[in-house]
Amino acid sequence: MESNIRAAGFSWNASFQWKRDIDGFPATIEFLCETTAVRPGAIFKPKCESTGSGLGAFNVPGAQLVASDFRVRTIEAERLDGGGWSRVEVRMANLLPYTVLKILAFQDRHESKDVYDLIFCLLNFGTGPDAAGREAAQSPIVNHERVLGAMRLLEDRFADTFQDGPIAYAAFLAEPGNGEENARLRQEAVATVRVFLNEFRSKIDVPRMASAAITPLKPLSPPSL
């Protein structure tokens with residue numbers, strides 16, 4: 001695998017990350033995994049001749065959830081370096097594992113982009129966060145221990161507009177010094193997560209989730225900012 005990546009013109013940036021420029025734009029390939037062989041956040045190097053000695057994967061808690069809940073999409077594009085057009089099927093993380101990975105990433109590295117990605121997806125899924133909640137409740141991983149923990153973390157990080165989740169979301173989007181826009185965006189983030197979680201929990205098969213603390217969230221009231 002490593003030799004194929006190098007043959008495609010990518011150069012080593014970190015053992016799990018490979019980069020090259022394509023028509024003046026940077027392109028990055030990252031390899032992720034979930035394993036107990038190394039600590040979370042460390043690089044795992046598989047002992048396999050087919051991968052190459054320099055290839056590694058970033059150990060991300062929750063990454064294996066994607067293998068149980070994904071969508072298949074067909075994409076068509078031109079291969080690198082004039083290799084002609086090709087059509088392939090790719091597996092993409094479905095909504096619930098994506099949500100889990102994003103809130104865990106934010107908890108770990110606290111980058112505002114993770115919160116923006118999450119809120120954008122919940123807002124724009126179908127008719128909005130209510131539809132996202134219903135979709136997530138149908139996931140085959142809904143009763144996974146890591147999912148339950150991530151949903152509690154999501155609730156905590158967006159409990160009100162003074163938590164770090166909505167503050168990071170507003171900081172990513174609002175113009176500096178625009179207090180009114182900042183307050184609106186913080187409220188938008190809290191309301192989005194509130195609707196998503198309420199709908200998610202209302203659709204859960206409670207007997208399957210007996211080990212979870214399923215408590216309806218209170219209606220959102222305008223905060224004093």
# chains A, B, ... in the order shown; residues from 1 in each chain; ligands from 1
>>> select_by_dssp(residues="segment 21-213 of chain A", states="alpha helix (DSSP H)", output="NGL selection string")
:A and (95-109 or 112-124 or 129-137 or 145-157 or 164-173 or 179-203)
>>> residues_around(residues="segment 15-30 of chain A", least_positions_apart="2", cutoff="10 Å", atoms="only C-alpha atoms", output="ChimeraX atom specification")
/A:2,5-6,8-13,32-33,43-45,53-59,80-81
>>> write_last_selection(atoms="N, CA and C atoms", output="compact mmCIF listing (two decimals), in the first residue's frame")
# COMPACT_ATOMS: atom_id res chain seq x y z
N GLU A 2 1.91 1.26 0.81
CA GLU A 2 2.79 2.42 0.87
C GLU A 2 3.41 2.71 -0.50
N ILE A 5 0.93 4.44 -2.75
CA ILE A 5 0.72 5.84 -2.38
C ILE A 5 1.87 6.70 -2.89
N ARG A 6 3.08 6.21 -2.73
CA ARG A 6 4.24 6.96 -3.22
C ARG A 6 4.22 7.06 -4.75
N ALA A 8 1.71 7.31 -6.55
CA ALA A 8 0.69 8.31 -6.92
C ALA A 8 1.17 9.73 -6.66
N GLY A 9 2.40 9.88 -6.18
CA GLY A 9 2.96 11.21 -5.99
C GLY A 9 2.81 11.79 -4.61
N PHE A 10 2.31 11.01 -3.67
CA PHE A 10 2.15 11.50 -2.31
C PHE A 10 3.44 11.30 -1.53
N SER A 11 3.73 12.27 -0.68
CA SER A 11 4.93 12.18 0.15
C SER A 11 4.54 12.12 1.61
N TRP A 12 5.40 11.49 2.39
CA TRP A 12 5.16 11.27 3.80
C TRP A 12 5.18 12.59 4.55
N ASN A 13 4.11 12.87 5.31
CA ASN A 13 4.07 14.04 6.18
C ASN A 13 4.14 13.60 7.64
N LEU A 32 -6.87 6.20 9.62
CA LEU A 32 -7.35 6.14 11.00
C LEU A 32 -7.66 4.69 11.36
N CYS A 33 -7.59 4.38 12.65
CA CYS A 33 -7.93 3.05 13.12
C CYS A 33 -8.41 3.15 14.56
N ILE A 43 0.21 6.50 17.11
CA ILE A 43 0.27 5.92 15.77
C ILE A 43 0.44 4.41 15.87
N PHE A 44 -0.44 3.70 15.19
CA PHE A 44 -0.36 2.24 15.15
C PHE A 44 0.24 1.83 13.81
N LYS A 45 1.29 1.00 13.86
CA LYS A 45 1.90 0.50 12.63
C LYS A 45 1.64 -1.00 12.52
N SER A 53 6.52 -0.60 5.51
CA SER A 53 7.09 -0.34 6.83
C SER A 53 6.84 1.08 7.31
N GLY A 54 6.58 2.02 6.37
CA GLY A 54 6.41 3.41 6.79
C GLY A 54 4.98 3.83 7.00
N LEU A 55 4.04 2.93 6.79
CA LEU A 55 2.63 3.29 6.85
C LEU A 55 2.09 3.07 8.26
N GLY A 56 1.39 4.05 8.78
CA GLY A 56 0.77 3.94 10.10
C GLY A 56 -0.64 4.49 10.07
N ALA A 57 -1.36 4.31 11.16
CA ALA A 57 -2.73 4.81 11.28
C ALA A 57 -2.89 5.48 12.64
N PHE A 58 -3.62 6.58 12.66
CA PHE A 58 -3.87 7.34 13.88
C PHE A 58 -4.96 6.64 14.68
N ASN A 59 -4.68 6.30 15.93
CA ASN A 59 -5.63 5.56 16.75
C ASN A 59 -6.71 6.48 17.30
N LEU A 80 -5.66 10.79 -11.04
CA LEU A 80 -4.53 11.71 -10.99
C LEU A 80 -3.65 11.57 -12.22
N ASP A 81 -3.05 12.71 -12.59
CA ASP A 81 -2.03 12.74 -13.64
C ASP A 81 -2.54 12.21 -14.98
>>> closest_residue(among="A:Asn94, A:Ser86, A:Thr127, A:Asn178", to="Val142 of chain A", atoms="only C-alpha atoms")
A:Asn94
>>> closest_residue(among="A:Val88, A:Pro129, A:Met1, A:Ile103", to="Pro46 of chain A", atoms="only C-alpha atoms")
A:Met1
>>> closest_atom_pairs(of="segment 99-194 of chain A", to="segment 198-202 of chain A", cutoff="6 Å", atoms="only C-alpha atoms", output="JSON lines")
{"residue": "A:Asp130", "atom": "CA", "partner": "A:Glu199", "partner_atom": "CA", "distance": 5.7}
{"residue": "A:Gly133", "atom": "CA", "partner": "A:Phe200", "partner_atom": "CA", "distance": 4.1}
{"residue": "A:Arg134", "atom": "CA", "partner": "A:Phe200", "partner_atom": "CA", "distance": 5.5}
{"residue": "A:Ala137", "atom": "CA", "partner": "A:Phe200", "partner_atom": "CA", "distance": 5.2}
>>> write_last_selection(atoms="N, CA and C atoms", output="tab-separated table (two decimals), in the first residue's frame")
chain	number	residue	atom	x	y	z
A	130	ASP	N	-34.16	17.72	13.64
A	130	ASP	CA	-35.17	16.74	14.03
A	130	ASP	C	-35.07	15.48	13.15
A	133	GLY	N	-32.02	13.53	14.17
A	133	GLY	CA	-32.26	12.74	15.37
A	133	GLY	C	-32.99	11.44	15.07
A	134	ARG	N	-33.99	11.52	14.19
A	134	ARG	CA	-34.74	10.31	13.82
A	134	ARG	C	-33.85	9.33	13.06
A	137	ALA	N	-31.38	7.59	15.42
A	137	ALA	CA	-32.03	6.61	16.29
A	137	ALA	C	-32.21	5.26	15.60
>>> residues_around(residues="Thr99 of chain A", least_positions_apart="3", cutoff="9 Å", atoms="only C-alpha atoms", output="MDAnalysis selection string")
chainID A and resid 94:96 102:104 118 121:122 150:151 154
>>> write_last_selection(atoms="C-alpha atoms", output="mmCIF file, in the first residue's frame")
data_model
loop_
_atom_site.group_PDB
_atom_site.id
_atom_site.type_symbol
_atom_site.label_atom_id
_atom_site.label_comp_id
_atom_site.auth_asym_id
_atom_site.auth_seq_id
_atom_site.Cartn_x
_atom_site.Cartn_y
_atom_site.Cartn_z
ATOM 1 C CA ASN A 94 -23.265 7.542 8.568
ATOM 2 C CA LEU A 95 -24.735 10.280 10.717
ATOM 3 C CA LEU A 96 -24.472 8.726 14.191
ATOM 4 C CA LYS A 102 -16.832 14.795 15.873
ATOM 5 C CA ILE A 103 -17.776 15.405 19.500
ATOM 6 C CA LEU A 104 -14.952 13.141 20.693
ATOM 7 C CA LEU A 118 -21.067 18.805 13.434
ATOM 8 C CA CYS A 121 -24.426 18.434 9.285
ATOM 9 C CA LEU A 122 -27.212 18.366 11.875
ATOM 10 C CA ALA A 150 -20.669 10.541 23.293
ATOM 11 C CA MET A 151 -24.341 11.583 23.461
ATOM 12 C CA LEU A 154 -22.636 16.229 23.386
#
>>> closest_residue(among="A:Thr51, A:Leu101, A:Ile204, A:Ser112", to="Gly149 of chain A", atoms="only C-alpha atoms")
A:Leu101
>>> atom_distance(atom1="atom CA of Ala159 of chain A", atom2="atom CA of Ala171 of chain A")
17.3 Å
>>> select_by_dssp(residues="segment 22-136 of chain A", states="strand (DSSP E or B)", output="JSON, numbers by chain")
{"A": [22, 25, 26, 27, 28, 29, 30, 32, 33, 43, 44, 57, 58, 59, 70, 71, 72, 73, 74, 75, 76, 77, 78, 85, 86, 87, 88, 89, 90, 91, 92, 93]}
>>> residues_around(residues="Ala174 of chain A", least_positions_apart="4", cutoff="10 Å", atoms="only C-alpha atoms", output="compact mmCIF listing (two decimals) with N, CA and C atoms, in the first residue's frame")
# COMPACT_ATOMS: atom_id res chain seq x y z
N TYR A 169 -18.35 27.27 18.10
CA TYR A 169 -19.12 27.38 16.85
C TYR A 169 -19.25 28.84 16.43
N ALA A 170 -19.61 29.70 17.36
CA ALA A 170 -19.77 31.12 17.05
C ALA A 170 -18.44 31.75 16.69
N ASN A 178 -18.53 41.29 16.41
CA ASN A 178 -19.97 41.32 16.14
C ASN A 178 -20.67 40.51 17.24
N GLY A 179 -20.97 41.17 18.35
CA GLY A 179 -21.56 40.49 19.49
C GLY A 179 -22.93 39.92 19.22
N GLU A 180 -23.73 40.65 18.42
CA GLU A 180 -25.08 40.19 18.13
C GLU A 180 -25.06 38.89 17.31
N GLU A 181 -24.19 38.84 16.31
CA GLU A 181 -24.08 37.64 15.50
C GLU A 181 -23.51 36.48 16.32
N ASN A 182 -22.56 36.79 17.17
CA ASN A 182 -21.97 35.77 18.02
C ASN A 182 -23.04 35.14 18.92
N ALA A 183 -23.88 35.99 19.52
CA ALA A 183 -24.94 35.49 20.40
C ALA A 183 -25.95 34.65 19.63
N ARG A 184 -26.28 35.08 18.42
CA ARG A 184 -27.24 34.32 17.60
C ARG A 184 -26.70 32.94 17.25
N LEU A 185 -25.42 32.88 16.91
CA LEU A 185 -24.83 31.61 16.53
C LEU A 185 -24.70 30.67 17.72
N ARG A 186 -24.39 31.20 18.87
CA ARG A 186 -24.33 30.36 20.07
C ARG A 186 -25.70 29.77 20.36
